[in-house]
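K.L.:
Here's a structure for you.
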Amino acid sequence: MRNFGMKRALVGAAIAALAINASAAQAATATGTAKAKILRQIQLTNTSDLQFATIISGATASTVSVSTAGGVSCGAGLTCTGTTTAANFNIQGTNGAVVLVGGDSSVTLNGSISGTMTAALTYSAPNVTLGATGGAFQVGGTLSVGANQASGDYTGTFNVTADYQ
Amino acid sequence: MLRFFKAFGLFSAAALGLAAVPAAASGDLLVAPTRLVLDGSRGTEVVLNNIGSEPATYRISLEIKRMTAEGGLDEIAEADANEAEKAALGMIAFSPRRVTLPPNQPQVIRVGVRVPEGTPAGEYRAHMLFRAVPDTVAATDAPKAASGGVSIALTPIYGITIPVIVRVGDLGAEAMIGEAWVGETRDGPAFNFDLRRTGNRSVYGDIEVTRPGRAEPLLVARGIAVYPEVGARKVSLRVPPELAAALKGPVHIRYTEDREIGGGTIDAVDRVVK
């Protein structure tokens with residue numbers, strides 16, 4: 001019941017319009033009140049992941065950087081192939097709203113067999129001013145690959161938030 | 001193990017690298033409204049909606065954030081919170097704290113406030129974080145590197161925070177717009193200005209930059225706050241290069257209260273943007 005009520009609030013404009021039409025069609029003498037509250041909202045969607053593509057480690061420690069635009073810079077001694085992407089997040093909300101972007105500055109990746117790697121993260125902007133179609137920000141990173149980095153699946157998580165002030 | 005990798009790494013890694021991209025991100029979310037101001041007695045509600053294509057479990061929590069002079073919000077660990085921040089965490093109650101939602105299913109989060117007797121007048125604030133709990137199943141589904149590749153799966157745990165502000169007592173604040181200039185950032189040009197604040201509460205509102213003689217505003221930025229922990233902050237808004245060029249010269253900058261509470265002018269100044 002509660003959920004239904006709030007759903008109605010979110011699509012309030014449409015329902016209010018229907019209610020007004022209905023009462024107007026019935027009788028000129030009838031009066032009615034249509035109430036709807038439109039809440040300001042924010043939506044955050046993740047449309048691509050931070051991908052370092054394929055890395056073959058070398059005999060010396062090195063780094064692989066993926067820029068916030070998705071371009072790769074492969075350090076000396078490493079072989080990098082495949083398509084790299086930066087993580088992309090889309091924000092929808094009030095036109096003109098300024099949304100701050102926050103998140104971890106580094107992430108630790110643990111190997112499935114052994115070993116760890118760390119990646120320093122970079123953000124495309126500290127804040128996003130939303131336009132009529134919303135806005136977006138990207139997260140790139142620099143992965144530190146050890147000399148003869150142990151093979152395996154490396155997994156890690158990092159926190160990202162869109163902050164209203 | 002290392003020798004093993006050396007032997008097989010070269011011809012296996014290329015094929016098996018990283019293909020662990022989830023087809024549809026789970027955890028996408030909508031939150032409304034985007035700011036809560038409570039006067040100490042009445043509670044309110046926030047709507048959380050799963051706008052992803054998969055069911056997702058969300059966790060709702062309160063965080064402490066402090067505004068910086070640069071206009072960012074620094075996350076503060078609970079152990080480092082000061083008395084006022086701890087008091088804010090203590091007065092704000094909410095439920096539920098964890099919820100699993102199918103796609104397009106909204107959930108109401110009820111937010112209540114209880115101000116203890118004798119709480120000093122002031123503004124108390126915490127930031128409510130809505131965040132999807134990472135899907136542990138996805139990680140185990142990731143393709144395995146067979147005989148020696150390095151595969152990497154970085155999962156973002158992403159969420160939205162909105163401020164929850166509790167005002168106790170009779171509070172007031174004013175703000176003054178300082179110098180304005182166009183500068184270069186790492187990511188392109190930005191329109192910058194200083195915003196100073198006095199009083200015992202935050203100021204919040206919309207910025208409109210107009211050129212004398214032109215009806216259309218050059219720039220509109222909504223939802224700019226100066227929180228009580230700072231007396232001044234810089235506002236830095238990234239703008240396209242052509243707008244950056246257009247902003248230089250004489251402008252009128254107006255800082256107005258939120259439209260929902262009347263939209264009165266907080267400060268309005270004429271500046272020559274360098």
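How things are named: the first chain in the structure tokens is A, the next is B, and so on; residues count from 1 in each chain; ligands count from 1 in the order shown.
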Only residues of chain A matter here; which ones have an atom within 6 Å of chain B, counting only C-alpha atoms? Give them as a list of chain:residue names.

P.N.:
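For chain A, the answer reads A:Leu39, A:Arg40, A:Gln41, A:Ile42, A:Gln43, A:Leu44, A:Thr45, A:Ala53, A:Thr54, A:Gly96, A:Ala97, A:Val98, A:Ser151, A:Gly152, A:Asp153, A:Tyr154, A:Thr155, A:Gly156, A:Thr157, A:Phe158, A:Asn159, A:Val160, A:Thr161, A:Ala162, A:Asp163, A:Tyr164, A:Gln165.
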
K.L.:
Write the residues of the preceding selection, restricted to N, CA and C atoms, as a CSV table (one decimal), in the first residue's frame.

P.N.:
chain,number,residue,atom,x,y,z
A,39,LEU,N,8.8,14.8,-6.8
A,39,LEU,CA,10.0,14.9,-6.0
A,39,LEU,C,11.2,15.0,-7.0
A,40,ARG,N,12.1,15.8,-6.6
A,40,ARG,CA,13.4,15.9,-7.3
A,40,ARG,C,14.1,14.6,-7.2
A,41,GLN,N,14.7,14.1,-8.2
A,41,GLN,CA,15.3,12.8,-8.2
A,41,GLN,C,16.7,12.8,-8.8
A,42,ILE,N,17.4,11.7,-8.4
A,42,ILE,CA,18.7,11.5,-9.1
A,42,ILE,C,18.8,10.0,-9.4
A,43,GLN,N,19.4,9.8,-10.6
A,43,GLN,CA,19.6,8.4,-11.0
A,43,GLN,C,21.0,8.2,-11.4
A,44,LEU,N,21.5,7.1,-11.0
A,44,LEU,CA,22.9,6.8,-11.3
A,44,LEU,C,23.0,5.4,-12.0
A,45,THR,N,23.6,5.3,-13.1
A,45,THR,CA,23.7,4.1,-13.8
A,45,THR,C,25.2,3.9,-14.3
A,53,ALA,N,42.0,-4.6,-20.1
A,53,ALA,CA,42.2,-5.6,-21.2
A,53,ALA,C,43.3,-6.6,-20.8
A,54,THR,N,44.0,-7.1,-21.7
A,54,THR,CA,44.9,-8.3,-21.5
A,54,THR,C,46.3,-7.8,-21.2
A,96,GLY,N,20.6,21.5,-14.6
A,96,GLY,CA,21.4,22.5,-13.9
A,96,GLY,C,21.9,22.1,-12.6
A,97,ALA,N,21.5,21.0,-12.0
A,97,ALA,CA,22.0,20.6,-10.7
A,97,ALA,C,23.4,20.2,-10.7
A,98,VAL,N,24.2,20.6,-9.7
A,98,VAL,CA,25.6,20.3,-9.6
A,98,VAL,C,25.7,19.1,-8.6
A,151,SER,N,50.1,-15.4,-11.9
A,151,SER,CA,48.9,-15.5,-12.8
A,151,SER,C,47.7,-15.7,-12.0
A,152,GLY,N,46.5,-15.6,-12.7
A,152,GLY,CA,45.3,-15.8,-12.0
A,152,GLY,C,44.2,-14.7,-12.3
A,153,ASP,N,43.1,-14.9,-11.6
A,153,ASP,CA,42.0,-13.9,-11.8
A,153,ASP,C,42.2,-12.9,-10.6
A,154,TYR,N,42.4,-11.7,-10.9
A,154,TYR,CA,42.5,-10.6,-9.9
A,154,TYR,C,41.2,-9.9,-9.8
A,155,THR,N,40.6,-9.8,-8.6
A,155,THR,CA,39.4,-9.1,-8.4
A,155,THR,C,39.5,-8.1,-7.3
A,156,GLY,N,38.8,-7.0,-7.5
A,156,GLY,CA,38.8,-5.9,-6.5
A,156,GLY,C,37.5,-5.1,-6.7
A,157,THR,N,37.1,-4.4,-5.6
A,157,THR,CA,36.0,-3.5,-5.7
A,157,THR,C,36.4,-2.1,-5.3
A,158,PHE,N,35.8,-1.1,-5.9
A,158,PHE,CA,36.0,0.3,-5.5
A,158,PHE,C,34.7,1.0,-5.3
A,159,ASN,N,34.7,2.0,-4.4
A,159,ASN,CA,33.5,2.7,-4.1
A,159,ASN,C,33.4,4.0,-4.9
A,160,VAL,N,32.3,4.3,-5.5
A,160,VAL,CA,32.0,5.5,-6.2
A,160,VAL,C,30.7,6.1,-5.7
A,161,THR,N,30.6,7.4,-5.5
A,161,THR,CA,29.3,7.9,-5.1
A,161,THR,C,29.1,9.2,-5.9
A,162,ALA,N,27.8,9.5,-6.2
A,162,ALA,CA,27.4,10.8,-6.7
A,162,ALA,C,26.7,11.4,-5.5
A,163,ASP,N,27.3,12.6,-5.1
A,163,ASP,CA,26.9,13.2,-3.9
A,163,ASP,C,26.1,14.5,-4.1
A,164,TYR,N,24.9,14.6,-3.6
A,164,TYR,CA,24.2,15.9,-3.6
A,164,TYR,C,24.7,16.7,-2.4
A,165,GLN,N,24.8,18.0,-2.6
A,165,GLN,CA,25.3,18.8,-1.5
A,165,GLN,C,24.1,19.6,-0.9

K.L.:
Hey, which of B:Gly178, B:Gly249, B:Pro102, B:Gly231 ends up closest to Val269 (chain B)? Count only C-alpha atoms.

P.N.:
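Of B:Gly178, B:Gly249, B:Pro102, B:Gly231, the one nearest Val269 (chain B) is B:Gly178, counting only C-alpha atoms.
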
K.L.:
My list of candidates is B:Ser95, B:Ser41, B:Thr100, B:Thr256. Which is closest to Tyr58 (chain B) when distances are computed with only C-alpha atoms?

P.N.:
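Under the stated criterion, the closest residue is B:Thr100.
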
K.L.:
Grab the CA of Arg201 (chain B) to CA of Glu123 (chain B) distance for me, in Å with one decimal place.

P.N.:
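For CA of Arg201 (chain B) relative to CA of Glu123 (chain B), the distance reads 5.6 Å.
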
K.L.:
Neighbours of region 71-79 of chain A within 12 Å (only C-alpha atoms; same-chain residues fewer than 2 positions away dropped), as number ranges by chain?

P.N.:
A: 50-69, 81-87, 139-149; B: 9-11, 13-14, 17, 149-150

K.L.:
Could you save the residues just selected, with C-alpha atoms, as a short mmCIF file (atom, residue, chain, number, x, y, z; two decimals), in the first residue's frame?

P.N.:
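Result file again-v7.cif:
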data_model
loop_
_atom_site.label_atom_id
_atom_site.label_comp_id
_atom_site.auth_asym_id
_atom_site.auth_seq_id
_atom_site.Cartn_x
_atom_site.Cartn_y
_atom_site.Cartn_z
CA LEU A 50 37.13 -0.08 -15.98
CA GLN A 51 38.91 -2.56 -18.25
CA PHE A 52 42.64 -2.98 -18.38
CA ALA A 53 42.23 -5.59 -21.16
CA THR A 54 44.87 -8.27 -21.49
CA ILE A 55 48.19 -7.86 -19.75
CA ILE A 56 51.19 -10.13 -20.04
CA SER A 57 53.61 -9.29 -17.27
CA GLY A 58 57.32 -8.93 -17.81
CA ALA A 59 60.50 -9.47 -15.85
CA THR A 60 60.35 -5.99 -14.29
CA ALA A 61 57.61 -4.18 -12.44
CA SER A 62 55.64 -1.77 -14.58
CA THR A 63 52.28 -0.01 -14.90
CA VAL A 64 49.32 0.06 -17.24
CA SER A 65 47.26 3.25 -17.32
CA VAL A 66 43.74 3.62 -18.67
CA SER A 67 42.80 7.28 -19.01
CA THR A 68 39.33 8.58 -18.15
CA ALA A 69 38.78 8.69 -21.93
CA THR A 81 46.31 -6.20 -26.03
CA GLY A 82 42.55 -5.94 -26.28
CA THR A 83 40.16 -3.05 -25.84
CA THR A 84 40.47 -0.95 -22.72
CA THR A 85 37.62 1.13 -21.36
CA ALA A 86 37.18 3.59 -18.52
CA ALA A 87 34.27 3.03 -16.14
CA VAL A 139 36.91 6.56 -13.82
CA GLY A 140 40.30 5.54 -15.16
CA GLY A 141 43.22 3.98 -13.37
CA THR A 142 46.86 3.05 -13.23
CA LEU A 143 47.51 -0.59 -12.45
CA SER A 144 50.83 -1.53 -10.90
CA VAL A 145 51.95 -4.90 -12.24
CA GLY A 146 54.75 -6.62 -10.38
CA ALA A 147 57.72 -8.33 -11.97
CA ASN A 148 56.47 -11.73 -13.14
CA GLN A 149 53.11 -11.03 -11.50
CA GLY B 9 51.91 -16.92 -19.66
CA LEU B 10 52.83 -15.67 -23.08
CA PHE B 11 50.54 -17.77 -25.16
CA ALA B 13 47.16 -14.60 -21.40
CA ALA B 14 46.20 -12.99 -24.65
CA GLY B 17 42.68 -11.85 -20.34
CA GLY B 149 47.08 -15.33 -17.77
CA VAL B 150 46.40 -12.31 -15.64
#

K.L.:
As a list of chain:residue names, please: every residue in region 54-260 of chain B that DSSP puts in helix (DSSP H, G or I).

P.N.:
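Taking region 54-260 of chain B and keeping helix (DSSP H, G or I) gives B:Glu78, B:Ala79, B:Asp80, B:Glu83, B:Ala84, B:Glu85, B:Lys86, B:Ala87, B:Ala88, B:Leu89, B:Gly90, B:Met91, B:Thr136, B:Val137, B:Ala138, B:Ala139, B:Thr140, B:Asp141, B:Pro241, B:Glu242, B:Leu243, B:Ala244, B:Ala245, B:Ala246, B:Leu247, B:Arg259, B:Glu260.
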
K.L.:
Only N, CA and C atoms, please: the residues just picked out, written as a compact mmCIF listing (two decimals), in the first residue's frame.

P.N.:
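That gives us out.txt:
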# COMPACT_ATOMS: atom_id res chain seq x y z
N GLU B 78 33.78 7.22 11.20
CA GLU B 78 32.95 7.49 12.38
C GLU B 78 33.82 7.75 13.62
N ALA B 79 34.98 7.10 13.68
CA ALA B 79 35.86 7.29 14.84
C ALA B 79 36.40 8.73 14.91
N ASP B 80 36.48 9.39 13.77
CA ASP B 80 37.02 10.75 13.72
C ASP B 80 35.93 11.83 13.79
N GLU B 83 31.68 15.97 18.07
CA GLU B 83 30.47 15.80 18.89
C GLU B 83 29.20 16.07 18.08
N ALA B 84 29.21 17.16 17.29
CA ALA B 84 28.01 17.52 16.53
C ALA B 84 27.68 16.46 15.48
N GLU B 85 28.73 15.92 14.87
CA GLU B 85 28.51 14.89 13.85
C GLU B 85 27.97 13.61 14.48
N LYS B 86 28.52 13.27 15.66
CA LYS B 86 28.00 12.07 16.36
C LYS B 86 26.56 12.30 16.77
N ALA B 87 26.26 13.54 17.20
CA ALA B 87 24.89 13.86 17.60
C ALA B 87 23.94 13.70 16.42
N ALA B 88 24.40 14.11 15.22
CA ALA B 88 23.56 13.98 14.03
C ALA B 88 23.25 12.51 13.76
N LEU B 89 24.28 11.65 13.86
CA LEU B 89 24.05 10.22 13.63
C LEU B 89 23.06 9.67 14.64
N GLY B 90 23.11 10.20 15.86
CA GLY B 90 22.23 9.71 16.92
C GLY B 90 20.78 10.16 16.74
N MET B 91 20.56 11.32 16.14
CA MET B 91 19.17 11.80 16.06
C MET B 91 18.41 11.34 14.83
N THR B 136 27.91 -11.06 -5.45
CA THR B 136 29.02 -12.00 -5.29
C THR B 136 28.97 -13.11 -6.33
N VAL B 137 27.78 -13.37 -6.87
CA VAL B 137 27.67 -14.43 -7.88
C VAL B 137 28.44 -14.04 -9.13
N ALA B 138 28.39 -12.77 -9.49
CA ALA B 138 29.03 -12.32 -10.71
C ALA B 138 30.53 -12.61 -10.71
N ALA B 139 31.16 -12.44 -9.54
CA ALA B 139 32.60 -12.64 -9.47
C ALA B 139 33.00 -14.08 -9.76
N THR B 140 32.22 -15.04 -9.25
CA THR B 140 32.57 -16.43 -9.48
C THR B 140 32.25 -16.86 -10.91
N ASP B 141 31.39 -16.11 -11.59
CA ASP B 141 31.06 -16.42 -12.97
C ASP B 141 32.13 -15.92 -13.94
N PRO B 241 34.66 25.15 -23.65
CA PRO B 241 35.57 26.27 -23.96
C PRO B 241 34.84 27.51 -24.50
N GLU B 242 33.81 27.32 -25.34
CA GLU B 242 33.13 28.48 -25.91
C GLU B 242 32.36 29.25 -24.83
N LEU B 243 31.83 28.53 -23.84
CA LEU B 243 31.14 29.21 -22.74
C LEU B 243 32.16 29.92 -21.84
N ALA B 244 33.30 29.29 -21.65
CA ALA B 244 34.36 29.90 -20.84
C ALA B 244 34.75 31.25 -21.44
N ALA B 245 34.86 31.30 -22.77
CA ALA B 245 35.22 32.55 -23.44
C ALA B 245 34.10 33.57 -23.29
N ALA B 246 32.84 33.11 -23.41
CA ALA B 246 31.70 34.01 -23.33
C ALA B 246 31.52 34.58 -21.92
N LEU B 247 31.96 33.83 -20.91
CA LEU B 247 31.76 34.27 -19.52
C LEU B 247 32.69 35.42 -19.15
N ARG B 259 14.04 27.11 -5.13
CA ARG B 259 12.70 27.50 -5.62
C ARG B 259 11.59 26.95 -4.72
N GLU B 260 11.86 25.78 -4.10
CA GLU B 260 10.82 25.16 -3.27
C GLU B 260 10.53 25.96 -2.00

K.L.:
Using Å and a single decimal, report how far CA of Arg254 (chain B) sits from CA of Thr210 (chain B).

P.N.:
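Rounded to one decimal, the two atoms are 8.3 Å apart.
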
K.L.:
Would you mind reading off the distance between CA of Ile92 (chain B) and CA of Arg66 (chain B), one decimal, in Å?

P.N.:
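CA of Ile92 (chain B) sits 17.4 Å away from CA of Arg66 (chain B).
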
K.L.:
So that I can see what lies close to Leu195 (chain B), please list as a PDB file with N, CA and C atoms, in the first residue's frame the residues with an atom at most 8 Å from it, counting only C-alpha atoms and leaving out residues fewer than 3 positions away in the same chain.

P.N.:
ATOM      1  N   ALA B 175      25.182  34.723   2.847  1.00  0.00           N
ATOM      2  CA  ALA B 175      26.299  34.358   1.981  1.00  0.00           C
ATOM      3  C   ALA B 175      26.668  35.524   1.101  1.00  0.00           C
ATOM      4  N   MET B 176      27.930  35.610   0.747  1.00  0.00           N
ATOM      5  CA  MET B 176      28.423  36.668  -0.122  1.00  0.00           C
ATOM      6  C   MET B 176      29.241  36.061  -1.251  1.00  0.00           C
ATOM      7  N   ILE B 177      28.964  36.534  -2.441  1.00  0.00           N
ATOM      8  CA  ILE B 177      29.707  36.057  -3.612  1.00  0.00           C
ATOM      9  C   ILE B 177      30.996  36.870  -3.717  1.00  0.00           C
ATOM     10  N   GLY B 178      32.118  36.187  -3.857  1.00  0.00           N
ATOM     11  CA  GLY B 178      33.410  36.872  -3.962  1.00  0.00           C
ATOM     12  C   GLY B 178      33.828  37.053  -5.408  1.00  0.00           C
ATOM     13  N   VAL B 226      26.859  25.870   1.041  1.00  0.00           N
ATOM     14  CA  VAL B 226      28.045  26.136   1.868  1.00  0.00           C
ATOM     15  C   VAL B 226      27.662  25.648   3.263  1.00  0.00           C
ATOM     16  N   ALA B 232      33.951  29.655   4.000  1.00  0.00           N
ATOM     17  CA  ALA B 232      34.002  30.016   2.585  1.00  0.00           C
ATOM     18  C   ALA B 232      34.365  28.787   1.784  1.00  0.00           C
ATOM     19  N   ARG B 233      33.903  28.756   0.565  1.00  0.00           N
ATOM     20  CA  ARG B 233      34.284  27.681  -0.330  1.00  0.00           C
ATOM     21  C   ARG B 233      34.452  28.238  -1.725  1.00  0.00           C
ATOM     22  N   LYS B 234      35.212  27.510  -2.508  1.00  0.00           N
ATOM     23  CA  LYS B 234      35.328  27.843  -3.923  1.00  0.00           C
ATOM     24  C   LYS B 234      34.279  27.012  -4.665  1.00  0.00           C
ATOM     25  N   VAL B 235      33.640  27.641  -5.626  1.00  0.00           N
ATOM     26  CA  VAL B 235      32.744  26.897  -6.515  1.00  0.00           C
ATOM     27  C   VAL B 235      33.445  26.844  -7.861  1.00  0.00           C
TER      28      VAL B 235
END

K.L.:
I need the residues of chain A that end up classed as strand (DSSP E) by DSSP on the backbone, written out as a PyMOL selection string.

P.N.:
chain A and resi 42-48+54-56+62-66+72-74+79-81+87-93+98-103+106-111+116-123+127-129+135-145+152-163
